[in-house]
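Inspection log for the structure reproduced underneath, given as structure tokens.
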Amino acid sequence: MKMRSPKANQRDALQNRLEEAEETLRAIRDGRVDAVVVSKKNKNEVYTLRSSDYIYRMLVEKMREGALTLTPEGMILYSNQQFAKMIGIKLNKLIGSSIFEFVSSFNKNYLAAFIAQSRKGGNLELELVKKSGENFPVHISVNAFSEDETQMLGMIVTDLSRLKLAEIVEFTADAIFRKNLEGLILSWNKGAERLFGFTEKEMIGSSIEKIIPNYKAMESKRVNARITRHERLERLEMTAVRKDKRPILLSLTYSPIADPSGNVIGAAVVARDITKEREFEKQKDTLIGIASHELKTPVTTIKGYAQILSSYLRNSIDKKPLEYLAKLEGQVDRITTLINDLLDVSKIEAGKLELITEKFDVTALTKEIAEDMQQTTDHKVIFEGSSAIVVSADKHRISQVVINLISNAIKFSPQTGKIIVTVQGSPKEVEVCVKDQGVGIDKKDLKRVFTRFFQADNSMRKSNSGLGLGLYICHEIVSRHEGKIWVDSGKGKGSAFTFSLPLNGLKKAS
Amino acid sequence: MKKRVLVCDDDEGILEVVTIILKSGGYDVKALSRGKEVKKTIREFEPDVLLLDVMMPETNGKDITKELKKNNACKVPIILFSAVNNFEQIARETGADDFMVKPFDMKALLAKVAKYAGS
């Protein structure tokens, strides 16, 4: 049999004594026992319900704060019900355990140091951890005293979470108010006063229409229907009017408020002024538009002059100048790709990547691109696919994906090799695959290939510069078409990039 | 007789490059840097194709096209130079016949002009 440690035995003995004492007290309180007689050496002492200890005991048991007695090492000797409730654990489980079990990990050393240093006691704020794992802020007041020459600690624990929340609501920069289902304002914080210009006094009991005219006609049905289903509504945009009549664009978040029986009776609303944000977005779009025009115009000119020069030099004996001009054009094309990628990404980020859908044959499109790209490379670009497969999609954007995948295949196959482009149809979707025999992608990088600014391999960077946006853009384009894109690869094993597009009920054409 | 092309762009570089390329392709070219001279020049020069930049200060290519194409008054095919690739939208707005996305290839430009000039 395993020997129990002396500490464990001591703990059990203590636990038993405490349980006995608790049971006795309960019995006195319940009226099962009128009094307890304790025999002492010289006389018997009689403890009754009305004895002077009772009021202290009740004070501790009934107060809203947690009350604890601890050993200097932090073992809990006594706790009131309230503290057990705060932690969410049964009282008998709490007695005998260490207070440090319920202190958040980054506050453990802080509390230990505090107990060690402040022999007389003091106050501190820290975070405790509930049994559920949730942290909550508390204020702790510590007192040191001795009982039978044993040092002990008394602790009063105040839960600050409600208090903190109330403070946050009151002083946050965001406007927060509560309204009932009829649209009457029930509470109104400082942020709301600042945002709308109406004071708490002016708003409580008033209709929400004071700030959102036509609210009832426009929104209340839509909002109420959802909050009464206990749904949280996020980022609803509405125009409101301030006290000074200035209109503001709001982003509203509604959280349902229920009564104790669970019926939704209103909502807590957080309102944020997004007027300026919208203006900035518009300005940014205009700026990007101008920048793209201003960048593309000189690029067109450079390309034009290079082509004019090439035609002048077409018949010259020295072929070097022509070679350099071809390189110059190649660099111009790179700049163009960079500009277009940046523009696409800014469109994607702004949620403004528009699709212009039309019906077209993916097989024919892919074949045409593969043939065009064959003209620009020494790699062998092989197209496989025969039957026409018609999809309803943005032809320009899908071409962009195919071109990107084939260029990548060329770029990452330093030794000229075969690039196989296949188009395959099934009743539900069409799959386009570009397979190369190039450097491949390390398994650990496979998850990140479609993220922004991903660069395949550091050693390839010098020779294959770029922003790492191409595959991210491909992913976004395919996703917008409700398709999928994936890669099958390994280092040194080549890569196979495949994307699928749903046929949306369109049948394969013969 | 040579086919005539009228080109209007506020960028001197584009104007020069396009003029050289089109002349090398056998066209009679007139270059304008200001949009508001387009209408008058069409009457005098009687072009077979009109090339216009979308984004120009003062009078821009979209507005010129809208005005020219209103009620089908102008029969001259209009090709727009655009920095963005959403011609469908611009065409719907303005009635332009075709477009070239900047930066465009000069051979592609020649091919497109040939298509509309009927040469």
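Chain labels A, B, ... are given in the sequence in which chains occur in the structure tokens; within each chain residues are numbered consecutively from 1, and ligands are likewise numbered from 1 in the order shown.
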Legend entry - Secondary structure check, alpha helix (DSSP H) residues of segment 41-114 of chain B, as a PyMOL selection string: chain B and resi 41-45+61-69+87-94+106-114
Segment 103-111 of chain B surroundings by only C-alpha atoms, 9 Å radius, close-in-sequence under 6 positions cut, as a compact mmCIF listing (two decimals) with N, CA, C and O atoms, in the first residue's frame:
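Ended up saving to around36.txt:
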```txt
# COMPACT_ATOMS: atom_id res chain seq x y z
N LYS A 296 0.53 54.01 -65.08
CA LYS A 296 0.40 53.23 -66.32
C LYS A 296 0.70 54.05 -67.56
O LYS A 296 1.15 53.50 -68.56
N THR A 297 0.45 55.36 -67.48
CA THR A 297 0.71 56.19 -68.66
C THR A 297 2.20 56.21 -69.05
O THR A 297 2.52 55.85 -70.18
N PRO A 298 3.10 56.53 -68.10
CA PRO A 298 4.53 56.49 -68.51
C PRO A 298 5.00 55.09 -68.88
O PRO A 298 5.86 54.94 -69.75
N VAL A 299 4.43 54.06 -68.24
CA VAL A 299 4.84 52.69 -68.58
C VAL A 299 4.46 52.39 -70.05
O VAL A 299 5.24 51.81 -70.80
N THR A 300 3.27 52.85 -70.45
CA THR A 300 2.84 52.67 -71.84
C THR A 300 3.83 53.36 -72.79
O THR A 300 4.22 52.81 -73.82
N THR A 301 4.23 54.57 -72.40
CA THR A 301 5.14 55.34 -73.24
C THR A 301 6.50 54.64 -73.38
O THR A 301 7.03 54.51 -74.48
N LYS A 303 7.17 51.49 -73.03
CA LYS A 303 6.98 50.30 -73.84
C LYS A 303 6.89 50.68 -75.33
O LYS A 303 7.49 50.04 -76.19
N GLY A 304 6.18 51.77 -75.57
CA GLY A 304 6.02 52.24 -76.95
C GLY A 304 7.35 52.63 -77.58
O GLY A 304 7.67 52.20 -78.69
N GLN A 307 9.40 49.65 -78.41
CA GLN A 307 8.95 48.95 -79.62
C GLN A 307 9.31 49.72 -80.89
O GLN A 307 9.65 49.14 -81.92
N ILE A 308 9.24 51.06 -80.78
CA ILE A 308 9.63 51.89 -81.94
C ILE A 308 11.11 51.68 -82.25
O ILE A 308 11.50 51.44 -83.40
N ASP A 333 6.98 44.91 -68.53
CA ASP A 333 5.87 43.98 -68.25
C ASP A 333 5.83 43.63 -66.77
O ASP A 333 4.76 43.46 -66.19
N THR A 336 4.27 46.39 -64.92
CA THR A 336 2.83 46.35 -65.15
C THR A 336 2.16 45.33 -64.25
O THR A 336 1.13 45.60 -63.64
N VAL B 17 4.31 58.57 -79.13
CA VAL B 17 4.49 57.15 -79.42
C VAL B 17 3.38 56.64 -80.35
O VAL B 17 3.63 55.98 -81.36
N VAL B 18 2.14 56.98 -79.99
CA VAL B 18 1.00 56.50 -80.80
C VAL B 18 1.08 57.06 -82.22
O VAL B 18 0.84 56.35 -83.20
N ILE B 21 3.83 55.19 -84.21
CA ILE B 21 3.41 53.82 -84.54
C ILE B 21 2.35 53.83 -85.65
O ILE B 21 2.45 53.08 -86.63
N LEU B 22 1.35 54.71 -85.49
CA LEU B 22 0.27 54.73 -86.49
C LEU B 22 0.79 55.20 -87.84
O LEU B 22 0.40 54.68 -88.89
N GLY B 25 2.38 52.60 -89.54
CA GLY B 25 1.39 51.64 -90.05
C GLY B 25 0.65 52.20 -91.26
O GLY B 25 -0.32 51.59 -91.73
N PHE B 81 -8.59 54.86 -74.35
CA PHE B 81 -7.42 54.38 -73.58
C PHE B 81 -7.83 54.43 -72.12
O PHE B 81 -8.19 55.49 -71.61
N SER B 82 -7.76 53.28 -71.47
CA SER B 82 -8.20 53.25 -70.08
C SER B 82 -7.16 52.59 -69.19
O SER B 82 -6.48 51.66 -69.60
N ALA B 83 -7.06 53.09 -67.96
CA ALA B 83 -6.11 52.49 -67.02
C ALA B 83 -6.74 51.30 -66.30
O ALA B 83 -6.06 50.49 -65.72
```
Near-Asp378 of chain A list (10 Å; only C-alpha atoms; drop same-chain fewer than 2 positions) as a PDB file with N, CA, C and O atoms, in the first residue's frame:
```pdb
ATOM      1  N   MET A 373       1.231  31.374 -74.327  1.00  0.00           N
ATOM      2  CA  MET A 373       2.376  31.395 -73.424  1.00  0.00           C
ATOM      3  C   MET A 373       3.512  30.529 -73.932  1.00  0.00           C
ATOM      4  O   MET A 373       4.673  30.757 -73.593  1.00  0.00           O
ATOM      5  N   GLN A 374       3.178  29.541 -74.762  1.00  0.00           N
ATOM      6  CA  GLN A 374       4.205  28.711 -75.381  1.00  0.00           C
ATOM      7  C   GLN A 374       5.155  29.575 -76.219  1.00  0.00           C
ATOM      8  O   GLN A 374       6.351  29.309 -76.313  1.00  0.00           O
ATOM      9  N   GLN A 375       4.590  30.673 -76.795  1.00  0.00           N
ATOM     10  CA  GLN A 375       5.373  31.569 -77.638  1.00  0.00           C
ATOM     11  C   GLN A 375       6.448  32.309 -76.840  1.00  0.00           C
ATOM     12  O   GLN A 375       7.403  32.807 -77.392  1.00  0.00           O
ATOM     13  N   THR A 376       6.251  32.425 -75.521  1.00  0.00           N
ATOM     14  CA  THR A 376       7.147  33.262 -74.724  1.00  0.00           C
ATOM     15  C   THR A 376       8.189  32.452 -73.961  1.00  0.00           C
ATOM     16  O   THR A 376       8.982  33.019 -73.222  1.00  0.00           O
ATOM     17  N   LYS A 380       8.199  23.380 -72.507  1.00  0.00           N
ATOM     18  CA  LYS A 380       7.188  22.781 -73.368  1.00  0.00           C
ATOM     19  C   LYS A 380       5.841  22.881 -72.647  1.00  0.00           C
ATOM     20  O   LYS A 380       5.649  22.267 -71.584  1.00  0.00           O
ATOM     21  N   VAL A 381       4.932  23.683 -73.172  1.00  0.00           N
ATOM     22  CA  VAL A 381       3.604  23.818 -72.556  1.00  0.00           C
ATOM     23  C   VAL A 381       2.628  22.904 -73.296  1.00  0.00           C
ATOM     24  O   VAL A 381       2.338  23.113 -74.469  1.00  0.00           O
ATOM     25  N   ILE A 410       6.430  28.225 -65.102  1.00  0.00           N
ATOM     26  CA  ILE A 410       7.630  28.527 -65.893  1.00  0.00           C
ATOM     27  C   ILE A 410       8.722  29.077 -64.972  1.00  0.00           C
ATOM     28  O   ILE A 410       9.868  28.635 -64.998  1.00  0.00           O
ATOM     29  N   GLN A 415      15.208  24.379 -64.779  1.00  0.00           N
ATOM     30  CA  GLN A 415      15.560  23.531 -65.906  1.00  0.00           C
ATOM     31  C   GLN A 415      14.319  23.442 -66.782  1.00  0.00           C
ATOM     32  O   GLN A 415      13.249  23.166 -66.259  1.00  0.00           O
ATOM     33  N   THR A 416      14.519  23.730 -68.057  1.00  0.00           N
ATOM     34  CA  THR A 416      13.333  23.662 -68.904  1.00  0.00           C
ATOM     35  C   THR A 416      12.734  22.273 -68.811  1.00  0.00           C
ATOM     36  O   THR A 416      13.423  21.271 -68.905  1.00  0.00           O
ATOM     37  N   GLY A 417      11.463  22.245 -68.586  1.00  0.00           N
ATOM     38  CA  GLY A 417      10.790  20.958 -68.481  1.00  0.00           C
ATOM     39  C   GLY A 417       9.395  21.090 -69.029  1.00  0.00           C
ATOM     40  O   GLY A 417       9.031  22.119 -69.592  1.00  0.00           O
ATOM     41  N   LYS A 418       8.640  20.022 -68.844  1.00  0.00           N
ATOM     42  CA  LYS A 418       7.283  20.024 -69.380  1.00  0.00           C
ATOM     43  C   LYS A 418       6.334  20.722 -68.412  1.00  0.00           C
ATOM     44  O   LYS A 418       6.440  20.552 -67.197  1.00  0.00           O
TER      45      LYS A 418
END
```
Inset, instruction - Return the neighbours of chain B among the residues of chain A, cut-off 12 Å, counting only C-alpha atoms, as a VMD selection string. - result: chain A and resid 288 to 312 329 332 to 337 339 to 340 343 to 344 347 353 to 358 394 to 397 400
Give me a file of those residues, with N, CA and C atoms, as a short mmCIF file (atom, residue, chain, number, x, y, z; two decimals), in the first residue's frame.
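Saved the output as result.cif:
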```
data_model
loop_
_atom_site.label_atom_id
_atom_site.label_comp_id
_atom_site.auth_asym_id
_atom_site.auth_seq_id
_atom_site.Cartn_x
_atom_site.Cartn_y
_atom_site.Cartn_z
N ILE A 288 -6.02 55.69 -55.51
CA ILE A 288 -5.53 54.50 -56.21
C ILE A 288 -5.83 54.60 -57.69
N GLY A 289 -7.00 55.12 -58.02
CA GLY A 289 -7.38 55.31 -59.42
C GLY A 289 -6.41 56.23 -60.12
N ILE A 290 -6.11 57.36 -59.46
CA ILE A 290 -5.20 58.34 -60.05
C ILE A 290 -3.80 57.72 -60.18
N ALA A 291 -3.37 57.07 -59.07
CA ALA A 291 -2.02 56.49 -59.07
C ALA A 291 -1.89 55.48 -60.20
N SER A 292 -2.92 54.65 -60.40
CA SER A 292 -2.80 53.62 -61.43
C SER A 292 -2.72 54.28 -62.80
N HIS A 293 -3.51 55.33 -63.00
CA HIS A 293 -3.47 56.03 -64.28
C HIS A 293 -2.11 56.70 -64.48
N GLU A 294 -1.64 57.37 -63.43
CA GLU A 294 -0.38 58.09 -63.53
C GLU A 294 0.81 57.15 -63.71
N LEU A 295 0.71 55.94 -63.15
CA LEU A 295 1.82 54.99 -63.31
C LEU A 295 1.75 54.31 -64.66
N LYS A 296 0.53 54.01 -65.08
CA LYS A 296 0.40 53.23 -66.32
C LYS A 296 0.70 54.05 -67.56
N THR A 297 0.45 55.36 -67.48
CA THR A 297 0.71 56.19 -68.66
C THR A 297 2.20 56.21 -69.05
N PRO A 298 3.10 56.53 -68.10
CA PRO A 298 4.53 56.49 -68.51
C PRO A 298 5.00 55.09 -68.88
N VAL A 299 4.43 54.06 -68.24
CA VAL A 299 4.84 52.69 -68.58
C VAL A 299 4.46 52.39 -70.05
N THR A 300 3.27 52.85 -70.45
CA THR A 300 2.84 52.67 -71.84
C THR A 300 3.83 53.36 -72.79
N THR A 301 4.23 54.57 -72.40
CA THR A 301 5.14 55.34 -73.24
C THR A 301 6.50 54.64 -73.38
N ILE A 302 7.03 54.16 -72.25
CA ILE A 302 8.34 53.47 -72.28
C ILE A 302 8.25 52.26 -73.20
N LYS A 303 7.17 51.49 -73.03
CA LYS A 303 6.98 50.30 -73.84
C LYS A 303 6.89 50.68 -75.33
N GLY A 304 6.18 51.77 -75.57
CA GLY A 304 6.02 52.24 -76.95
C GLY A 304 7.35 52.63 -77.58
N TYR A 305 8.13 53.42 -76.85
CA TYR A 305 9.43 53.84 -77.38
C TYR A 305 10.32 52.63 -77.63
N ALA A 306 10.28 51.65 -76.70
CA ALA A 306 11.10 50.44 -76.87
C ALA A 306 10.70 49.71 -78.15
N GLN A 307 9.40 49.65 -78.41
CA GLN A 307 8.95 48.95 -79.62
C GLN A 307 9.31 49.72 -80.89
N ILE A 308 9.24 51.06 -80.78
CA ILE A 308 9.63 51.89 -81.94
C ILE A 308 11.11 51.68 -82.25
N LEU A 309 11.92 51.72 -81.17
CA LEU A 309 13.37 51.51 -81.35
C LEU A 309 13.64 50.14 -81.97
N SER A 310 12.94 49.12 -81.48
CA SER A 310 13.14 47.77 -82.01
C SER A 310 12.88 47.72 -83.51
N SER A 311 11.81 48.42 -83.92
CA SER A 311 11.51 48.36 -85.35
C SER A 311 12.57 49.11 -86.17
N TYR A 312 13.15 50.17 -85.57
CA TYR A 312 14.24 50.88 -86.26
C TYR A 312 15.46 49.97 -86.42
N GLU A 329 11.66 45.65 -72.43
CA GLU A 329 10.21 45.39 -72.50
C GLU A 329 9.76 44.40 -71.44
N VAL A 332 9.41 46.18 -68.27
CA VAL A 332 8.19 47.00 -68.27
C VAL A 332 6.98 46.12 -67.95
N ASP A 333 6.98 44.91 -68.53
CA ASP A 333 5.87 43.98 -68.25
C ASP A 333 5.83 43.63 -66.77
N ARG A 334 7.04 43.51 -66.17
CA ARG A 334 7.08 43.20 -64.73
C ARG A 334 6.47 44.32 -63.90
N ILE A 335 6.82 45.57 -64.29
CA ILE A 335 6.24 46.72 -63.56
C ILE A 335 4.73 46.69 -63.69
N THR A 336 4.27 46.39 -64.92
CA THR A 336 2.83 46.35 -65.15
C THR A 336 2.16 45.33 -64.25
N THR A 337 2.78 44.14 -64.15
CA THR A 337 2.22 43.10 -63.29
C THR A 337 2.15 43.58 -61.85
N ILE A 339 1.98 46.67 -60.71
CA ILE A 339 0.93 47.70 -60.55
C ILE A 339 -0.44 47.01 -60.49
N ASN A 340 -0.66 46.09 -61.44
CA ASN A 340 -1.96 45.42 -61.48
C ASN A 340 -2.23 44.60 -60.23
N LEU A 343 -3.11 46.89 -57.41
CA LEU A 343 -4.47 47.39 -57.60
C LEU A 343 -5.50 46.33 -57.24
N ASP A 344 -5.23 45.10 -57.69
CA ASP A 344 -6.15 43.99 -57.38
C ASP A 344 -6.26 43.77 -55.88
N LYS A 347 -8.26 46.31 -54.25
CA LYS A 347 -9.69 46.07 -54.53
C LYS A 347 -10.22 44.95 -53.65
N LEU A 353 -13.69 43.81 -55.52
CA LEU A 353 -13.29 43.05 -56.70
C LEU A 353 -14.58 42.66 -57.43
N GLU A 354 -14.86 43.40 -58.50
CA GLU A 354 -16.13 43.16 -59.19
C GLU A 354 -15.96 42.07 -60.23
N LEU A 355 -16.96 41.21 -60.34
CA LEU A 355 -16.92 40.17 -61.36
C LEU A 355 -17.90 40.53 -62.47
N ILE A 356 -17.41 40.48 -63.71
CA ILE A 356 -18.31 40.70 -64.84
C ILE A 356 -18.50 39.33 -65.48
N THR A 357 -19.62 38.68 -65.17
CA THR A 357 -19.78 37.30 -65.62
C THR A 357 -20.38 37.21 -67.02
N GLU A 358 -19.90 36.22 -67.73
CA GLU A 358 -20.44 35.90 -69.05
C GLU A 358 -20.24 34.40 -69.26
N ASP A 394 -16.27 35.34 -64.77
CA ASP A 394 -15.60 36.52 -65.29
C ASP A 394 -14.40 36.03 -66.13
N LYS A 395 -14.56 36.15 -67.44
CA LYS A 395 -13.56 35.58 -68.35
C LYS A 395 -12.18 36.21 -68.13
N HIS A 396 -12.17 37.51 -67.97
CA HIS A 396 -10.89 38.21 -67.79
C HIS A 396 -10.19 37.73 -66.52
N ARG A 397 -10.96 37.59 -65.43
CA ARG A 397 -10.38 37.17 -64.15
C ARG A 397 -9.91 35.71 -64.19
N GLN A 400 -6.76 35.52 -65.95
CA GLN A 400 -5.71 36.00 -65.05
C GLN A 400 -5.19 34.85 -64.18
#
```
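Near Leu52 of chain B, within a cut-off of 7 Å and counting only C-alpha atoms, sit the residues Val7, Cys8, Asp9, Leu50, Val54, Gly61, Ile79, Leu80 and Phe81 of chain B, with same-chain residues fewer than 2 positions away left out.
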Identify all residues of segment 64-109 of chain B in strand (DSSP E or B) (DSSP on the backbone) and supply them as a PDB file with C-alpha atoms, in the first residue's frame.
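Generated output (selection.pdb):
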```pdb
ATOM      1  CA  ILE B  78     -14.208  55.502 -80.782  1.00  0.00           C
ATOM      2  CA  ILE B  79     -11.461  53.541 -79.016  1.00  0.00           C
ATOM      3  CA  LEU B  80     -10.737  54.594 -75.418  1.00  0.00           C
ATOM      4  CA  PHE B  81      -7.424  54.384 -73.585  1.00  0.00           C
ATOM      5  CA  SER B  82      -8.205  53.247 -70.079  1.00  0.00           C
ATOM      6  CA  ASP B  98     -13.668  49.519 -77.977  1.00  0.00           C
ATOM      7  CA  PHE B  99     -10.826  50.124 -75.594  1.00  0.00           C
ATOM      8  CA  MET B 100      -7.124  49.585 -74.944  1.00  0.00           C
ATOM      9  CA  VAL B 101      -5.961  48.964 -71.379  1.00  0.00           C
TER      10      VAL B 101
END
```
Inset, instruction - Would you work out the distance separating atom CA of Arg34 of chain B from atom CA of Ala91 of chain B, expressed in Å to one decimal? - result: 21.6 Å
